[in-house]
Amino acid sequence: MPVPLLDIQRQHGPLATEFNQAFNRILESGAFVLGKEVQDFEKSVADYIGVKHAIGISSGTDALLVSLMALDIGPGDEVLCPAFTFFGTAGSIARVGATPVWVDVDRDSFNIDLNDAAAKVSPATKAMIPVHLFGQACDMTALAAFAGKHGLAVIEDAAQAIGAEFEKRQVGGFTELGAFSFYPTKNLGGLGDGGLVTTNDDALAEKVIQLRNHGMHPKYVHNLIGGNFRLDALQAAFLNIKLSRLESWHSARAEHACFYFGALSQAKAFELPTALPGRRHVWNQFTLKVRDGRRDELRAFLAKKGIGSEIYYPIALDQQRCFEGVGRGGETITVSHELADSVLSIPVFPEMTGAERDEVVSVLLDF
Ligand SMILES: *Cc1c(COP(=O)(O)O)cnc(C)c1O
């Protein structure tokens, strides 16, 4: 039986009537960008996350970019960035003209290694972007202590982690700014691109709101150089419908993960991911570390049996060609390189059936 890595159609099928109602409502309203639909979504998602301000943005990447702009990070500034994450985390740093400083990640949590960060921080370092990778929160207590000690602003990259918690508090509200993505493969995915900036700081919120719309305030008066980082009414309405189901999807993902931990605990060919205590993991990805250099072999084996898998991420950022001569700190990166060569993510989407889950396990145990 084939099992896809993700089947978004199963999630959307039961919501089609509500999506169509929203579409018709917005079609009739003629208001397609920002406006009431976006405000309604911003209010519900701020309540959900537990932050004062949630600002709808065009994408997760733009949420990171506008956050850096709001902090006035630019040429001459350094920003600490994990070497093992999605490209957008680092791309946004380079796009404001700042220097990404590559920091290795912890092998168990896949998240930023603060020991390595301490070795690389310099007087030019102004900020850091820790990533709650695959849906598991970073250690926010240690992070706050580190950032406080070095006087760094922190942008949480929570693109994969909406709903994830550290000590019962959701990510996105711990630091100056949080950035979320609603790309369709994220735990809360739109029917297109979308993102969000969160903050508890009124002044930063106001600045992000202005930067989102060309730094304009009031109409046709520009005090800042912003961009077009606006969210569409349609996406906001679709996301608001999906937000009301998000907790049930998180539960389903957690149940799949729990099943994998039980059923695969004796497997020899790979290591299971580590769910750390004091955190709520939301399992955007369930990521194996394949032993003995056999990752590509396992991936091919799964593909032959119809099981979907993906490599998040096959190249560490310090080794991307576009960053040649751009960042610093790559010389001492080791764990990120090892992970790029050994990780493999397997199906953990909420709508996966029990039979499909059994199939994934049985194929993995056959390897
Ligand atoms: C998806 C993602 C982003 C970018 O979000 P987009 O909405 O695709 O622009 C940034 N960082 C991480 C860690 C992501 O997973």
# chains A, B, ... in the order shown; residues from 1 in each chain; ligands from 1

$ residues_near_ligand --ligand "ligand 1" --cutoff "10 Å" --atoms "only C-alpha atoms and all ligand atoms" --output "VMD selection string"
chain A and resid 57 to 65 82 84 to 92 129 to 135 156 to 161 179 to 186 189 to 190 192 to 196 284 312

$ residues_around --residues "Gly329 of chain A" --least-positions-apart "4" --cutoff "8 Å" --atoms "only C-alpha atoms" --output "list in words"
Val101, Trp102, Val103, Lys120 and Ile333 of chain A

$ write_last_selection --atoms "all heavy atoms" --output "PDB file, in the first residue's frame"
ATOM      1  N   VAL A 101      26.030  34.347  10.657  1.00  0.00           N
ATOM      2  CA  VAL A 101      27.104  33.630  11.340  1.00  0.00           C
ATOM      3  C   VAL A 101      26.589  32.218  11.592  1.00  0.00           C
ATOM      4  O   VAL A 101      25.589  32.020  12.291  1.00  0.00           O
ATOM      5  CB  VAL A 101      27.476  34.321  12.670  1.00  0.00           C
ATOM      6  CG1 VAL A 101      28.536  33.508  13.411  1.00  0.00           C
ATOM      7  CG2 VAL A 101      27.991  35.731  12.396  1.00  0.00           C
ATOM      8  N   TRP A 102      27.264  31.249  10.962  1.00  0.00           N
ATOM      9  CA  TRP A 102      26.771  29.866  11.007  1.00  0.00           C
ATOM     10  C   TRP A 102      27.034  29.238  12.356  1.00  0.00           C
ATOM     11  O   TRP A 102      28.172  29.195  12.823  1.00  0.00           O
ATOM     12  CB  TRP A 102      27.420  29.033   9.898  1.00  0.00           C
ATOM     13  CG  TRP A 102      27.300  29.678   8.564  1.00  0.00           C
ATOM     14  CD1 TRP A 102      28.319  30.085   7.758  1.00  0.00           C
ATOM     15  CD2 TRP A 102      26.089  30.034   7.877  1.00  0.00           C
ATOM     16  NE1 TRP A 102      27.821  30.673   6.617  1.00  0.00           N
ATOM     17  CE2 TRP A 102      26.469  30.648   6.668  1.00  0.00           C
ATOM     18  CE3 TRP A 102      24.730  29.896   8.168  1.00  0.00           C
ATOM     19  CZ2 TRP A 102      25.529  31.119   5.742  1.00  0.00           C
ATOM     20  CZ3 TRP A 102      23.793  30.369   7.247  1.00  0.00           C
ATOM     21  CH2 TRP A 102      24.196  30.963   6.062  1.00  0.00           C
ATOM     22  N   VAL A 103      25.994  28.737  12.964  1.00  0.00           N
ATOM     23  CA  VAL A 103      26.084  28.079  14.259  1.00  0.00           C
ATOM     24  C   VAL A 103      25.623  26.643  14.089  1.00  0.00           C
ATOM     25  O   VAL A 103      24.614  26.378  13.416  1.00  0.00           O
ATOM     26  CB  VAL A 103      25.213  28.817  15.309  1.00  0.00           C
ATOM     27  CG1 VAL A 103      25.317  28.130  16.660  1.00  0.00           C
ATOM     28  CG2 VAL A 103      25.623  30.281  15.420  1.00  0.00           C
ATOM     29  N   LYS A 120      31.064  31.908  18.803  1.00  0.00           N
ATOM     30  CA  LYS A 120      31.074  32.684  17.556  1.00  0.00           C
ATOM     31  C   LYS A 120      30.552  34.104  17.689  1.00  0.00           C
ATOM     32  O   LYS A 120      30.700  34.909  16.772  1.00  0.00           O
ATOM     33  CB  LYS A 120      30.285  31.929  16.494  1.00  0.00           C
ATOM     34  CG  LYS A 120      31.063  30.707  16.027  1.00  0.00           C
ATOM     35  CD  LYS A 120      30.319  29.826  15.080  1.00  0.00           C
ATOM     36  CE  LYS A 120      31.211  28.642  14.689  1.00  0.00           C
ATOM     37  NZ  LYS A 120      30.467  27.586  14.030  1.00  0.00           N
ATOM     38  N   ILE A 333      31.613  23.863  11.658  1.00  0.00           N
ATOM     39  CA  ILE A 333      30.329  23.149  11.590  1.00  0.00           C
ATOM     40  C   ILE A 333      30.584  21.662  11.317  1.00  0.00           C
ATOM     41  O   ILE A 333      31.253  21.312  10.343  1.00  0.00           O
ATOM     42  CB  ILE A 333      29.446  23.732  10.456  1.00  0.00           C
ATOM     43  CG1 ILE A 333      29.161  25.210  10.676  1.00  0.00           C
ATOM     44  CG2 ILE A 333      28.155  22.935  10.303  1.00  0.00           C
ATOM     45  CD1 ILE A 333      28.266  25.549  11.822  1.00  0.00           C
TER      46      ILE A 333
END

$ residues_around --residues "Lys304 of chain A" --least-positions-apart "4" --cutoff "12 Å" --atoms "only C-alpha atoms" --output "tab-separated table (two decimals) with C-alpha atoms, in the first residue's frame"
chain	number	residue	atom	x	y	z
A	1	MET	CA	0.00	0.00	0.00
A	2	PRO	CA	1.48	3.36	-1.00
A	3	VAL	CA	1.71	6.03	1.73
A	297	GLU	CA	19.59	3.49	0.29
A	298	LEU	CA	16.71	3.63	2.80
A	299	ARG	CA	15.06	6.41	0.84
A	300	ALA	CA	15.22	4.35	-2.37
A	308	GLY	CA	6.93	8.92	0.68
A	309	SER	CA	9.93	10.48	2.42
A	363	VAL	CA	8.52	-1.45	5.50
A	367	PHE	CA	15.03	-2.63	5.75

$ closest_residue --among "A:His222, A:Arg169, A:His337, A:Arg25" --to "Gly278 of chain A" --atoms "only C-alpha atoms"
A:Arg169

$ closest_residue --among "A:Asn200, A:Ala118, A:Ala257, A:Arg95" --to "Cys322 of chain A" --atoms "only C-alpha atoms"
A:Arg95

$ closest_residue --among "A:Asp104, A:Asp358, A:Asp366, A:Asp139" --to "Ala263 of chain A" --atoms "only C-alpha atoms"
A:Asp358
